[in-house]
file start.pdb (PDB, C-alpha atoms)
ATOM      1  CA  MET A  49       0.000   0.000   0.000
ATOM      2  CA  GLY A  50       2.804   2.429   0.821
ATOM      3  CA  GLY A  51       4.250   2.528  -2.705
ATOM      4  CA  PRO A  52       7.931   2.578  -3.619
ATOM      5  CA  PRO A  53      10.524   2.813  -0.846
ATOM      6  CA  VAL A  54      11.913   6.168   0.211
ATOM      7  CA  THR A  55      15.495   6.282  -1.081
ATOM      8  CA  ARG A  56      16.022  10.029  -1.374
ATOM      9  CA  ALA A  57      16.264  12.674   1.320
ATOM     10  CA  LEU A  58      16.295  16.464   1.177
ATOM     11  CA  ILE A  59      17.996  18.597   3.821
ATOM     12  CA  PRO A  60      17.171  22.325   3.746
ATOM     13  CA  ALA A  61      20.273  24.295   4.691
ATOM     14  CA  ALA A  62      19.880  27.703   3.084
ATOM     15  CA  GLY A  63      19.237  29.776   6.199
ATOM     16  CA  ARG A  64      21.511  32.627   7.163
ATOM     17  CA  GLY A  65      22.089  31.390  10.706
ATOM     18  CA  THR A  66      21.654  34.892  12.103
ATOM     19  CA  ARG A  67      21.335  33.682  15.699
ATOM     20  CA  PHE A  68      24.899  32.380  15.489
ATOM     21  CA  LEU A  69      26.549  35.451  13.993
ATOM     22  CA  PRO A  70      29.346  36.322  13.612
ATOM     23  CA  VAL A  71      30.667  32.763  13.113
ATOM     24  CA  THR A  72      28.007  32.015  10.486
ATOM     25  CA  LYS A  73      29.353  34.873   8.392
ATOM     26  CA  ALA A  74      31.970  32.371   7.216
ATOM     27  CA  VAL A  75      30.764  28.947   8.417
ATOM     28  CA  PRO A  76      27.268  27.596   7.672
ATOM     29  CA  LYS A  77      25.366  26.868  10.874
ATOM     30  CA  GLU A  78      24.931  23.255   9.794
ATOM     31  CA  LEU A  79      28.710  22.751   9.947
ATOM     32  CA  LEU A  80      29.129  24.002  13.498
ATOM     33  CA  PRO A  81      30.616  21.079  15.426
ATOM     34  CA  ILE A  82      28.923  18.914  18.006
ATOM     35  CA  VAL A  83      32.294  18.213  19.648
ATOM     36  CA  SER A  84      34.019  17.235  16.375
ATOM     37  CA  THR A  85      31.119  16.204  14.149
ATOM     38  CA  PRO A  86      28.832  18.732  12.436
ATOM     39  CA  ALA A  87      25.104  18.439  12.934
ATOM     40  CA  LEU A  88      24.752  18.074   9.156
ATOM     41  CA  GLN A  89      26.856  14.903   9.143
ATOM     42  CA  LEU A  90      24.721  13.378  11.880
ATOM     43  CA  VAL A  91      21.536  14.030   9.908
ATOM     44  CA  VAL A  92      23.001  12.667   6.653
ATOM     45  CA  ALA A  93      24.120   9.572   8.573
ATOM     46  CA  GLU A  94      20.592   9.147   9.949
ATOM     47  CA  ALA A  95      19.138   9.236   6.435
ATOM     48  CA  ALA A  96      21.768   6.877   5.037
ATOM     49  CA  SER A  97      21.252   4.360   7.835
ATOM     50  CA  HIS A  98      17.627   4.025   6.698
ATOM     51  CA  GLY A  99      18.419   3.313   3.060
ATOM     52  CA  MET A 100      18.425   6.864   1.710
ATOM     53  CA  ALA A 101      21.562   6.712  -0.397
ATOM     54  CA  ASP A 102      20.965  10.025  -2.198
ATOM     55  CA  VAL A 103      20.798  13.276  -0.230
ATOM     56  CA  LEU A 104      20.036  16.717  -1.657
ATOM     57  CA  LEU A 105      21.390  19.738   0.206
ATOM     58  CA  VAL A 106      19.376  22.887  -0.466
ATOM     59  CA  ARG A 107      21.913  25.615   0.142
ATOM     60  CA  ALA A 108      22.222  29.368  -0.162
ATOM     61  CA  GLU A 109      24.093  30.988  -3.034
ATOM     62  CA  GLY A 110      27.854  30.603  -2.581
ATOM     63  CA  ARG A 111      27.654  28.216   0.383
ATOM     64  CA  THR A 112      29.539  25.406  -1.329
ATOM     65  CA  GLN A 113      31.169  24.370   1.977
ATOM     66  CA  LEU A 114      28.184  22.121   2.721
ATOM     67  CA  ALA A 115      28.778  19.776  -0.211
ATOM     68  CA  ASP A 116      32.563  20.270  -0.033
ATOM     69  CA  TYR A 117      32.521  18.765   3.448
ATOM     70  CA  PHE A 118      31.367  15.428   2.019
ATOM     71  CA  ALA A 119      33.639  15.469  -1.051
ATOM     72  CA  VAL A 120      36.741  13.304  -1.371
ATOM     73  CA  ASP A 121      39.897  15.160  -0.283
ATOM     74  CA  GLU A 122      42.782  13.221  -1.805
ATOM     75  CA  GLU A 123      45.437  15.548  -0.406
ATOM     76  CA  LEU A 124      44.139  15.152   3.132
ATOM     77  CA  GLU A 125      43.843  11.381   2.726
ATOM     78  CA  ALA A 126      47.455  11.189   1.569
ATOM     79  CA  ALA A 127      48.597  13.243   4.560
ATOM     80  CA  LEU A 128      46.772  10.827   6.887
ATOM     81  CA  ALA A 129      48.153   7.658   5.315
ATOM     82  CA  ASP A 130      50.000   6.756   8.521
ATOM     83  CA  ARG A 131      47.042   7.691  10.763
ATOM     84  CA  PRO A 132      44.453   5.005  10.013
ATOM     85  CA  ASP A 133      42.154   6.148  12.827
ATOM     86  CA  LEU A 134      41.838   9.672  11.430
ATOM     87  CA  LEU A 135      41.813   8.460   7.833
ATOM     88  CA  GLY A 136      38.887   6.199   8.673
ATOM     89  CA  ARG A 137      36.912   9.115  10.087
ATOM     90  CA  VAL A 138      37.538  11.198   6.966
ATOM     91  CA  ARG A 139      36.540   8.389   4.622
ATOM     92  CA  GLU A 140      33.424   7.685   6.660
ATOM     93  CA  VAL A 141      32.232  11.217   5.865
ATOM     94  CA  GLU A 142      33.062  10.850   2.181
ATOM     95  CA  THR A 143      31.145   7.591   1.760
ATOM     96  CA  LEU A 144      28.006   8.246   3.826
ATOM     97  CA  ALA A 145      25.779   9.005   0.841
ATOM     98  CA  ARG A 146      25.730  10.439  -2.657
ATOM     99  CA  ILE A 147      25.509  14.172  -2.015
ATOM    100  CA  HIS A 148      23.647  16.436  -4.436
ATOM    101  CA  GLN A 149      23.124  20.171  -4.110
ATOM    102  CA  THR A 150      20.844  22.887  -5.353
ATOM    103  CA  VAL A 151      20.484  26.582  -4.559
ATOM    104  CA  GLN A 152      17.618  28.390  -2.871
ATOM    105  CA  ALA A 153      18.416  31.916  -4.013
ATOM    106  CA  GLU A 154      16.298  33.599  -1.337
ATOM    107  CA  PRO A 155      15.219  32.145   2.041
ATOM    108  CA  ARG A 156      11.519  32.010   1.127
ATOM    109  CA  GLY A 157      10.498  29.356   3.617
ATOM    110  CA  LEU A 158      10.676  25.623   4.137
ATOM    111  CA  GLY A 159       8.050  24.961   1.487
ATOM    112  CA  ASP A 160      10.092  26.815  -1.118
ATOM    113  CA  ALA A 161      13.207  24.858  -0.113
ATOM    114  CA  VAL A 162      11.394  21.544  -0.508
ATOM    115  CA  ALA A 163      10.064  22.673  -3.899
ATOM    116  CA  ARG A 164      13.699  22.889  -5.094
ATOM    117  CA  GLY A 165      13.801  19.088  -4.816
ATOM    118  CA  GLU A 166      11.166  18.178  -7.412
ATOM    119  CA  GLY A 167      13.654  17.112 -10.070
ATOM    120  CA  PHE A 168      15.751  15.278  -7.514
ATOM    121  CA  ALA A 169      12.715  13.299  -6.296
ATOM    122  CA  ALA A 170      12.170  12.125  -9.890
ATOM    123  CA  GLY A 171       8.497  11.349  -9.362
ATOM    124  CA  GLY A 172       9.035   9.332  -6.210
ATOM    125  CA  PRO A 173       8.549   9.904  -2.480
ATOM    126  CA  LEU A 174      10.900  12.158  -0.568
ATOM    127  CA  ALA A 175      12.095  12.371   3.017
ATOM    128  CA  VAL A 176      12.738  15.851   4.405
ATOM    129  CA  LEU A 177      15.066  16.116   7.395
ATOM    130  CA  LEU A 178      15.667  19.440   9.126
ATOM    131  CA  PRO A 179      19.298  19.755  10.240
ATOM    132  CA  ASP A 180      18.417  21.707  13.405
ATOM    133  CA  ASP A 181      16.616  18.629  14.771
ATOM    134  CA  LEU A 182      19.043  15.947  15.915
ATOM    135  CA  ILE A 183      17.605  12.587  16.915
ATOM    136  CA  ASP A 184      19.685  10.574  19.371
ATOM    137  CA  ASP A 185      21.089   7.496  17.640
ATOM    138  CA  ARG A 186      19.664   5.360  20.462
ATOM    139  CA  ASP A 187      16.108   6.481  19.651
ATOM    140  CA  ASP A 188      14.943   5.615  16.147
ATOM    141  CA  LEU A 189      12.381   7.935  14.557
ATOM    142  CA  LEU A 190      12.752   7.419  10.809
ATOM    143  CA  GLY A 191      12.364   3.647  11.162
ATOM    144  CA  PRO A 192       8.863   3.792  12.684
ATOM    145  CA  MET A 193       7.909   6.515  10.195
ATOM    146  CA  LEU A 194       8.964   4.350   7.249
ATOM    147  CA  SER A 195       7.040   1.418   8.709
ATOM    148  CA  ALA A 196       3.929   3.580   9.051
ATOM    149  CA  ARG A 197       4.250   4.702   5.450
ATOM    150  CA  ALA A 198       4.730   1.138   4.204
ATOM    151  CA  GLU A 199       1.514   0.143   5.964
ATOM    152  CA  ARG A 200      -0.627   3.215   5.378
ATOM    153  CA  GLY A 201       0.877   5.168   2.451
ATOM    154  CA  GLY A 202       0.408   8.888   1.995
ATOM    155  CA  ILE A 203       2.131  11.391   4.265
ATOM    156  CA  VAL A 204       3.894  10.541   7.507
ATOM    157  CA  LEU A 205       4.938  13.266   9.938
ATOM    158  CA  ALA A 206       6.993  13.258  13.112
ATOM    159  CA  LEU A 207       5.102  14.574  16.132
ATOM    160  CA  LEU A 208       6.265  15.673  19.553
ATOM    161  CA  GLU A 209       3.944  16.466  22.444
ATOM    162  CA  VAL A 210       4.892  19.864  23.852
ATOM    163  CA  PRO A 211       3.463  22.103  26.590
ATOM    164  CA  ARG A 212       0.525  24.142  25.354
ATOM    165  CA  SER A 213       2.408  27.310  26.262
ATOM    166  CA  GLU A 214       5.032  26.376  23.646
ATOM    167  CA  ILE A 215       2.725  25.122  20.902
ATOM    168  CA  GLY A 216       2.608  28.451  19.061
ATOM    169  CA  LYS A 217       6.167  27.899  17.837
ATOM    170  CA  TYR A 218       5.202  24.896  15.707
ATOM    171  CA  GLY A 219       2.958  23.480  13.052
ATOM    172  CA  VAL A 220       0.288  21.550  14.981
ATOM    173  CA  ALA A 221      -1.688  18.426  14.096
ATOM    174  CA  ARG A 222      -5.423  18.007  14.532
ATOM    175  CA  LEU A 223      -5.856  14.328  15.301
ATOM    176  CA  ALA A 224      -8.759  12.281  13.983
ATOM    177  CA  PRO A 225     -11.652  12.002  16.464
ATOM    178  CA  GLY A 226     -11.003   9.136  18.827
ATOM    179  CA  ALA A 227      -7.420   8.680  17.583
ATOM    180  CA  ASP A 228      -5.043   7.059  20.067
ATOM    181  CA  PRO A 229      -1.649   8.826  20.051
ATOM    182  CA  SER A 230      -0.100   6.006  22.071
ATOM    183  CA  GLY A 231      -0.182   3.674  19.057
ATOM    184  CA  ASP A 232       2.343   3.185  16.274
ATOM    185  CA  ALA A 233       0.814   5.945  14.151
ATOM    186  CA  VAL A 234      -2.071   8.337  14.613
ATOM    187  CA  ALA A 235      -4.398   9.659  11.903
ATOM    188  CA  ILE A 236      -4.231  13.409  11.226
ATOM    189  CA  VAL A 237      -7.175  15.271   9.698
ATOM    190  CA  ASP A 238      -5.861  18.844   9.636
ATOM    191  CA  LEU A 239      -2.822  20.996  10.374
ATOM    192  CA  VAL A 240      -2.417  24.516  11.711
ATOM    193  CA  GLU A 241       0.760  26.568  11.419
ATOM    194  CA  LYS A 242       1.817  28.306  14.658
ATOM    195  CA  PRO A 243      -1.602  28.756  16.277
ATOM    196  CA  ALA A 244      -2.249  30.767  19.403
ATOM    197  CA  PRO A 245      -1.991  28.346  22.353
ATOM    198  CA  GLU A 246      -5.666  28.665  23.243
ATOM    199  CA  GLN A 247      -6.653  27.899  19.628
ATOM    200  CA  ALA A 248      -4.309  24.955  19.015
ATOM    201  CA  PRO A 249      -6.202  21.779  18.043
ATOM    202  CA  SER A 250      -3.815  19.618  20.081
ATOM    203  CA  THR A 251      -0.424  19.721  21.779
ATOM    204  CA  PHE A 252       1.163  17.504  19.119
ATOM    205  CA  ALA A 253       3.715  19.570  17.229
ATOM    206  CA  LEU A 254       5.423  18.779  13.939
ATOM    207  CA  ILE A 255       9.179  18.321  14.255
ATOM    208  CA  GLY A 256      11.794  18.068  11.556
ATOM    209  CA  ARG A 257      11.148  14.713   9.865
ATOM    210  CA  TYR A 258       8.665  14.339   6.993
ATOM    211  CA  LEU A 259       7.895  11.531   4.525
ATOM    212  CA  LEU A 260       6.128  13.097   1.555
ATOM    213  CA  PRO A 261       4.516  11.718  -1.612
ATOM    214  CA  PRO A 262       5.313  13.193  -5.048
ATOM    215  CA  GLU A 263       2.015  15.106  -4.967
ATOM    216  CA  ILE A 264       3.630  17.528  -2.520
ATOM    217  CA  PHE A 265       5.240  19.470  -5.367
ATOM    218  CA  ALA A 266       1.946  20.311  -7.076
ATOM    219  CA  ALA A 267       0.560  21.315  -3.679
ATOM    220  CA  LEU A 268       3.535  23.601  -3.100
ATOM    221  CA  ARG A 269       2.989  25.290  -6.466
ATOM    222  CA  GLU A 270      -0.599  26.012  -5.409
ATOM    223  CA  THR A 271       0.355  27.293  -1.956
ATOM    224  CA  ASP A 272       0.540  31.051  -1.645
ATOM    225  CA  PRO A 273       3.331  32.645   0.393
ATOM    226  CA  GLY A 274       2.310  33.514   3.906
ATOM    227  CA  ALA A 275       3.796  35.860   6.487
ATOM    228  CA  GLY A 276       7.133  37.337   5.464
ATOM    229  CA  GLY A 277       6.666  36.068   1.913
ATOM    230  CA  GLU A 278       7.518  32.506   2.965
ATOM    231  CA  VAL A 279       5.954  29.356   1.549
ATOM    232  CA  GLN A 280       4.970  27.109   4.449
ATOM    233  CA  LEU A 281       5.431  23.367   4.013
ATOM    234  CA  THR A 282       2.708  22.829   6.621
ATOM    235  CA  ASP A 283       0.210  24.663   4.386
ATOM    236  CA  ALA A 284       1.004  22.427   1.403
ATOM    237  CA  ILE A 285       0.720  19.273   3.521
ATOM    238  CA  ARG A 286      -2.600  20.564   4.848
ATOM    239  CA  ARG A 287      -3.838  21.040   1.282
ATOM    240  CA  LEU A 288      -3.133  17.384   0.501
ATOM    241  CA  THR A 289      -4.591  16.179   3.812
ATOM    242  CA  LEU A 290      -7.861  18.027   3.253
ATOM    243  CA  ALA A 291      -7.948  16.626  -0.302
ATOM    244  CA  GLY A 292      -7.981  13.113   1.126
ATOM    245  CA  VAL A 293      -4.337  12.046   1.063
ATOM    246  CA  PRO A 294      -3.838   9.747   4.090
ATOM    247  CA  THR A 295      -1.807  11.622   6.696
ATOM    248  CA  HIS A 296      -0.413  10.026   9.827
ATOM    249  CA  GLY A 297       1.884  11.056  12.625
ATOM    250  CA  VAL A 298       4.424   9.059  14.577
ATOM    251  CA  VAL A 299       4.737  10.438  18.108
ATOM    252  CA  PHE A 300       8.391  10.631  19.138
ATOM    253  CA  ARG A 301       9.151  10.038  22.800
ATOM    254  CA  GLY A 302      12.936   9.742  22.612
ATOM    255  CA  ARG A 303      15.821  12.155  22.890
ATOM    256  CA  ARG A 304      15.913  15.120  20.520
ATOM    257  CA  TYR A 305      18.432  17.935  20.372
ATOM    258  CA  ASP A 306      17.599  21.347  18.898
ATOM    259  CA  THR A 307      20.734  22.944  17.448
ATOM    260  CA  GLY A 308      18.953  25.947  15.927
ATOM    261  CA  ASP A 309      19.092  27.964  19.156
ATOM    262  CA  ARG A 310      22.330  28.983  20.874
ATOM    263  CA  LEU A 311      21.353  27.723  24.311
ATOM    264  CA  ASP A 312      19.929  24.465  22.964
ATOM    265  CA  TYR A 313      23.017  24.049  20.789
ATOM    266  CA  LEU A 314      25.226  24.230  23.885
ATOM    267  CA  ARG A 315      22.971  21.731  25.652
ATOM    268  CA  ALA A 316      23.320  19.381  22.689
ATOM    269  CA  VAL A 317      27.106  19.705  22.734
ATOM    270  CA  VAL A 318      27.251  18.823  26.440
ATOM    271  CA  GLN A 319      24.769  15.953  26.163
ATOM    272  CA  LEU A 320      26.589  14.377  23.240
ATOM    273  CA  ALA A 321      30.057  15.114  24.618
ATOM    274  CA  VAL A 322      29.432  12.896  27.643
ATOM    275  CA  ARG A 323      28.884  10.001  25.200
ATOM    276  CA  HIS A 324      31.860  10.779  22.970
ATOM    277  CA  PRO A 325      33.997   7.622  22.590
ATOM    278  CA  ASP A 326      37.305   9.496  22.962
ATOM    279  CA  ILE A 327      36.629  12.188  25.550
ATOM    280  CA  GLY A 328      33.289  11.267  27.129
ATOM    281  CA  ALA A 329      34.578   9.763  30.363
ATOM    282  CA  GLU A 330      37.133  12.507  31.007
ATOM    283  CA  PHE A 331      34.666  15.262  30.097
ATOM    284  CA  THR A 332      31.976  13.790  32.345
ATOM    285  CA  SER A 333      34.401  13.650  35.265
ATOM    286  CA  TRP A 334      35.388  17.284  34.709
ATOM    287  CA  LEU A 335      31.748  18.354  34.327
ATOM    288  CA  ARG A 336      30.753  16.736  37.628
ATOM    289  CA  GLU A 337      33.603  18.482  39.418
ATOM    290  CA  TYR A 338      32.840  21.812  37.733
ATOM    291  CA  VAL A 339      29.162  21.636  38.740
ATOM    292  CA  ARG A 340      30.097  20.622  42.281
ATOM    293  CA  ARG A 341      32.455  23.576  42.675
ATOM    294  CA  THR A 342      30.111  26.056  40.977
ATOM    295  CA  LEU A 343      27.085  25.106  43.070
ATOM    296  CA  ALA A 344      28.956  24.738  46.334
TER
END
call {"tool": "encode", "arguments": {"input": "start.pdb", "output": "structure tokens"}}
result
Amino acid sequence: MGGPPVTRALIPAAGRGTRFLPVTKAVPKELLPIVSTPALQLVVAEAASHGMADVLLVRAEGRTQLADYFAVDEELEAALADRPDLLGRVREVETLARIHQTVQAEPRGLGDAVARGEGFAAGGPLAVLLPDDLIDDRDDLLGPMLSARAERGGIVLALLEVPRSEIGKYGVARLAPGADPSGDAVAIVDLVEKPAPEQAPSTFALIGRYLLPPEIFAALRETDPGAGGEVQLTDAIRRLTLAGVPTHGVVFRGRRYDTGDRLDYLRAVVQLAVRHPDIGAEFTSWLREYVRRTLA
């Protein structure tokens, strides 16, 4: 029922990263390190581990560093010939997936970024992964989403239950009457983009993982820009949902790290640093002592 498998993923990475200026004047936000690994690499690895061998990076004009990061660097490999540990790390990056790139000339919203991927999708389904949302590698999200799509078809969205006071920051799902969000997937009948908390149809927010059918591109062409001249992906998904395309959500209850905010980025660095295979134990010991001294 679910149609062909999802083998292609799109990662929108054309934002200016203004909250991280001045470093993002020269370095794309997606390449800022989580210890020694950029968030972008972690998201590409997540896609690749679920069979998505082709990844499209939607970048801003001139930001070739994103694709360059994944390209083969023969000079560096030669210099590391006697350092197999480091050489292995470099080659791991270079062989994660087949990296493609396209340009979003102006940051006109997530919907506009996804629309840049129509040719890349080649008439098939497409996964969209937002690089600001990191999913802990111990907590699978894409796997259950792909299973839901294989069983039910249509659109599958990642949902996170958030406090009602925070719901206005997100696209929000209206669940089908009587739907049980504790199951594997929950039916969605409507979507609202950033509602006022008192008007939100639920507390289930959309987070940065989407499995979309090819019909999404026609819906995006028919979706007018909203506030700030941006095309909202949520609005295009809503158009398809109201037209009868099956839409389901998988509620995520695992560990998620938001690297789009400076404070949350620092939290992500600390949380992942304590698990780092090289420095985790030493860092954790230092962190405990630092907290003890600071709070004493």
call {"tool": "resolve_selection", "arguments": {"input": "start.pdb", "expression": "the PyMOL selection byres ((chain A and resi 62) around 9)", "output": "PDB file with C-alpha atoms, in the coordinates of the input"}}
result
ATOM      1  CA  PRO A  60      17.171  22.325   3.746  1.00  0.00           C
ATOM      2  CA  ALA A  61      20.273  24.295   4.691  1.00  0.00           C
ATOM      3  CA  GLY A  63      19.237  29.776   6.199  1.00  0.00           C
ATOM      4  CA  ARG A  64      21.511  32.627   7.163  1.00  0.00           C
ATOM      5  CA  GLY A  65      22.089  31.390  10.706  1.00  0.00           C
ATOM      6  CA  PRO A  76      27.268  27.596   7.672  1.00  0.00           C
ATOM      7  CA  LEU A 105      21.390  19.738   0.206  1.00  0.00           C
ATOM      8  CA  VAL A 106      19.376  22.887  -0.466  1.00  0.00           C
ATOM      9  CA  ARG A 107      21.913  25.615   0.142  1.00  0.00           C
ATOM     10  CA  ALA A 108      22.222  29.368  -0.162  1.00  0.00           C
ATOM     11  CA  GLU A 109      24.093  30.988  -3.034  1.00  0.00           C
ATOM     12  CA  ARG A 111      27.654  28.216   0.383  1.00  0.00           C
ATOM     13  CA  VAL A 151      20.484  26.582  -4.559  1.00  0.00           C
ATOM     14  CA  GLN A 152      17.618  28.390  -2.871  1.00  0.00           C
ATOM     15  CA  ALA A 153      18.416  31.916  -4.013  1.00  0.00           C
ATOM     16  CA  GLU A 154      16.298  33.599  -1.337  1.00  0.00           C
ATOM     17  CA  PRO A 155      15.219  32.145   2.041  1.00  0.00           C
ATOM     18  CA  ALA A 161      13.207  24.858  -0.113  1.00  0.00           C
TER      19      ALA A 161
END
call {"tool": "residues_near_point", "arguments": {"input": "start.pdb", "point": "(4.4, 2.1, 18.6)", "cutoff": "12 Å", "atoms": "all atoms listed in the file", "output": "list in words"}}
result
Asp188, Leu189, Gly191, Pro192, Met193, Ser195, Ala196, Asp228, Pro229, Ser230, Gly231, Asp232, Ala233, Val234, Gly297, Val298, Val299, Phe300 and Arg301 of chain A
call {"tool": "residues_around", "arguments": {"input": "start.pdb", "residues": "Pro294 of chain A", "least_positions_apart": "4", "cutoff": "12 Å", "atoms": "all atoms listed in the file", "output": "short mmCIF file (atom, residue, chain, number, x, y, z; two decimals) with C-alpha atoms, keeping the file's coordinate frame"}}
result
data_model
loop_
_atom_site.label_atom_id
_atom_site.label_comp_id
_atom_site.auth_asym_id
_atom_site.auth_seq_id
_atom_site.Cartn_x
_atom_site.Cartn_y
_atom_site.Cartn_z
CA MET A 49 0.00 0.00 0.00
CA GLY A 50 2.80 2.43 0.82
CA ALA A 196 3.93 3.58 9.05
CA ARG A 197 4.25 4.70 5.45
CA GLU A 199 1.51 0.14 5.96
CA ARG A 200 -0.63 3.22 5.38
CA GLY A 201 0.88 5.17 2.45
CA GLY A 202 0.41 8.89 2.00
CA ILE A 203 2.13 11.39 4.26
CA VAL A 204 3.89 10.54 7.51
CA LEU A 205 4.94 13.27 9.94
CA ALA A 224 -8.76 12.28 13.98
CA ALA A 233 0.81 5.94 14.15
CA VAL A 234 -2.07 8.34 14.61
CA ALA A 235 -4.40 9.66 11.90
CA ILE A 236 -4.23 13.41 11.23
CA VAL A 237 -7.18 15.27 9.70
CA ASP A 238 -5.86 18.84 9.64
CA LEU A 259 7.90 11.53 4.53
CA LEU A 260 6.13 13.10 1.56
CA PRO A 261 4.52 11.72 -1.61
CA ILE A 285 0.72 19.27 3.52
CA ARG A 286 -2.60 20.56 4.85
CA ARG A 287 -3.84 21.04 1.28
CA LEU A 288 -3.13 17.38 0.50
CA THR A 289 -4.59 16.18 3.81
CA LEU A 290 -7.86 18.03 3.25
#
call {"tool": "residues_near_point", "arguments": {"input": "start.pdb", "point": "(26.5, 20.9, 11.8)", "cutoff": "9 Å", "atoms": "only C-alpha atoms", "output": "list in words"}}
result
Pro76, Lys77, Glu78, Leu79, Leu80, Pro81, Ile82, Thr85, Pro86, Ala87, Leu88, Gln89, Leu90, Val91, Pro179, Asp180 and Thr307 of chain A
call {"tool": "resolve_selection", "arguments": {"input": "start.pdb", "expression": "the PyMOL selection byres ((chain A and resi 138) around 12)", "output": "MDAnalysis selection string"}}
result
chainID A and resid 84:85 89 117:129 131:137 139:144
call {"tool": "atom_distance", "arguments": {"input": "start.pdb", "atom1": "atom CA of Val103 of chain A", "atom2": "atom CA of Gly172 of chain A"}}
result
13.8 Å
call {"tool": "resolve_selection", "arguments": {"input": "start.pdb", "expression": "the PyMOL selection byres ((chain A and resi 100) around 12)", "output": "number ranges by chain"}}
result
A: 53-59, 91-99, 101-104, 144-147, 169, 173-177, 190-191, 194, 259
call {"tool": "axis_aligned_box", "arguments": {"input": "start.pdb", "around": "segment 169-179 of chain A", "padding_each_side": "8 Å", "output": "JSON"}}
result
{"center_x": 13.9, "center_y": 14.5, "center_z": 0.2, "size_x": 26.8, "size_y": 26.4, "size_z": 36.1}
call {"tool": "residues_around", "arguments": {"input": "start.pdb", "residues": "Arg323 of chain A", "least_positions_apart": "3", "cutoff": "12 Å", "atoms": "only C-alpha atoms", "output": "compact mmCIF listing (two decimals) with C-alpha atoms, in the frame of the given file"}}
result
# COMPACT_ATOMS: atom_id res chain seq x y z
CA ILE A 82 28.92 18.91 18.01
CA VAL A 83 32.29 18.21 19.65
CA ASP A 184 19.68 10.57 19.37
CA ASP A 185 21.09 7.50 17.64
CA ARG A 186 19.66 5.36 20.46
CA ALA A 316 23.32 19.38 22.69
CA VAL A 317 27.11 19.70 22.73
CA VAL A 318 27.25 18.82 26.44
CA GLN A 319 24.77 15.95 26.16
CA LEU A 320 26.59 14.38 23.24
CA ASP A 326 37.30 9.50 22.96
CA ILE A 327 36.63 12.19 25.55
CA GLY A 328 33.29 11.27 27.13
CA ALA A 329 34.58 9.76 30.36
CA GLU A 330 37.13 12.51 31.01
CA PHE A 331 34.67 15.26 30.10
CA THR A 332 31.98 13.79 32.34
call {"tool": "closest_residue", "arguments": {"input": "start.pdb", "among": "A:Val71, A:Gln149, A:Leu182, A:Ala163", "to": "Arg315 of chain A", "atoms": "only C-alpha atoms"}}
result
A:Leu182
call {"tool": "closest_residue", "arguments": {"input": "start.pdb", "among": "A:Leu254, A:Ala244, A:Tyr313, A:Pro273", "to": "Val220 of chain A", "atoms": "all atoms listed in the file"}}
result
A:Leu254
call {"tool": "atom_distance", "arguments": {"input": "start.pdb", "atom1": "atom CA of Ser250 of chain A", "atom2": "atom CA of Arg222 of chain A"}}
result
6.0 Å
call {"tool": "atom_distance", "arguments": {"input": "start.pdb", "atom1": "atom CA of Gly165 of chain A", "atom2": "atom CA of Glu263 of chain A"}}
result
12.4 Å
call {"tool": "closest_residue", "arguments": {"input": "start.pdb", "among": "A:Pro243, A:Gly256, A:Gly276, A:Gly216", "to": "Asp181 of chain A", "atoms": "all atoms listed in the file"}}
result
A:Gly256
call {"tool": "decode", "arguments": {"input": "start.pdb", "residues": "segment 108-118 of chain A", "atoms": "N, CA and C atoms", "output": "compact mmCIF listing (two decimals), in the first residue's frame"}}
result
# COMPACT_ATOMS: atom_id res chain seq x y z
N ALA A 108 22.26 27.99 0.30
CA ALA A 108 22.22 29.37 -0.16
C ALA A 108 23.29 29.58 -1.23
N GLU A 109 23.12 30.63 -2.00
CA GLU A 109 24.09 30.99 -3.03
C GLU A 109 25.48 31.13 -2.42
N GLY A 110 26.47 30.47 -3.02
CA GLY A 110 27.85 30.60 -2.58
C GLY A 110 28.27 29.71 -1.44
N ARG A 111 27.31 29.05 -0.77
CA ARG A 111 27.65 28.22 0.38
C ARG A 111 28.04 26.80 -0.05
N THR A 112 29.11 26.71 -0.82
CA THR A 112 29.54 25.41 -1.33
C THR A 112 30.21 24.56 -0.26
N GLN A 113 30.49 25.15 0.92
CA GLN A 113 31.17 24.37 1.98
C GLN A 113 30.36 23.14 2.39
N LEU A 114 29.03 23.23 2.27
CA LEU A 114 28.18 22.12 2.72
C LEU A 114 28.48 20.85 1.93
N ALA A 115 28.47 20.95 0.61
CA ALA A 115 28.78 19.78 -0.21
C ALA A 115 30.27 19.46 -0.18
N ASP A 116 31.11 20.50 -0.09
CA ASP A 116 32.56 20.27 -0.03
C ASP A 116 32.94 19.39 1.15
N TYR A 117 32.20 19.53 2.25
CA TYR A 117 32.52 18.77 3.45
C TYR A 117 32.45 17.27 3.18
N PHE A 118 31.56 16.85 2.30
CA PHE A 118 31.37 15.43 2.02
C PHE A 118 32.19 14.94 0.82
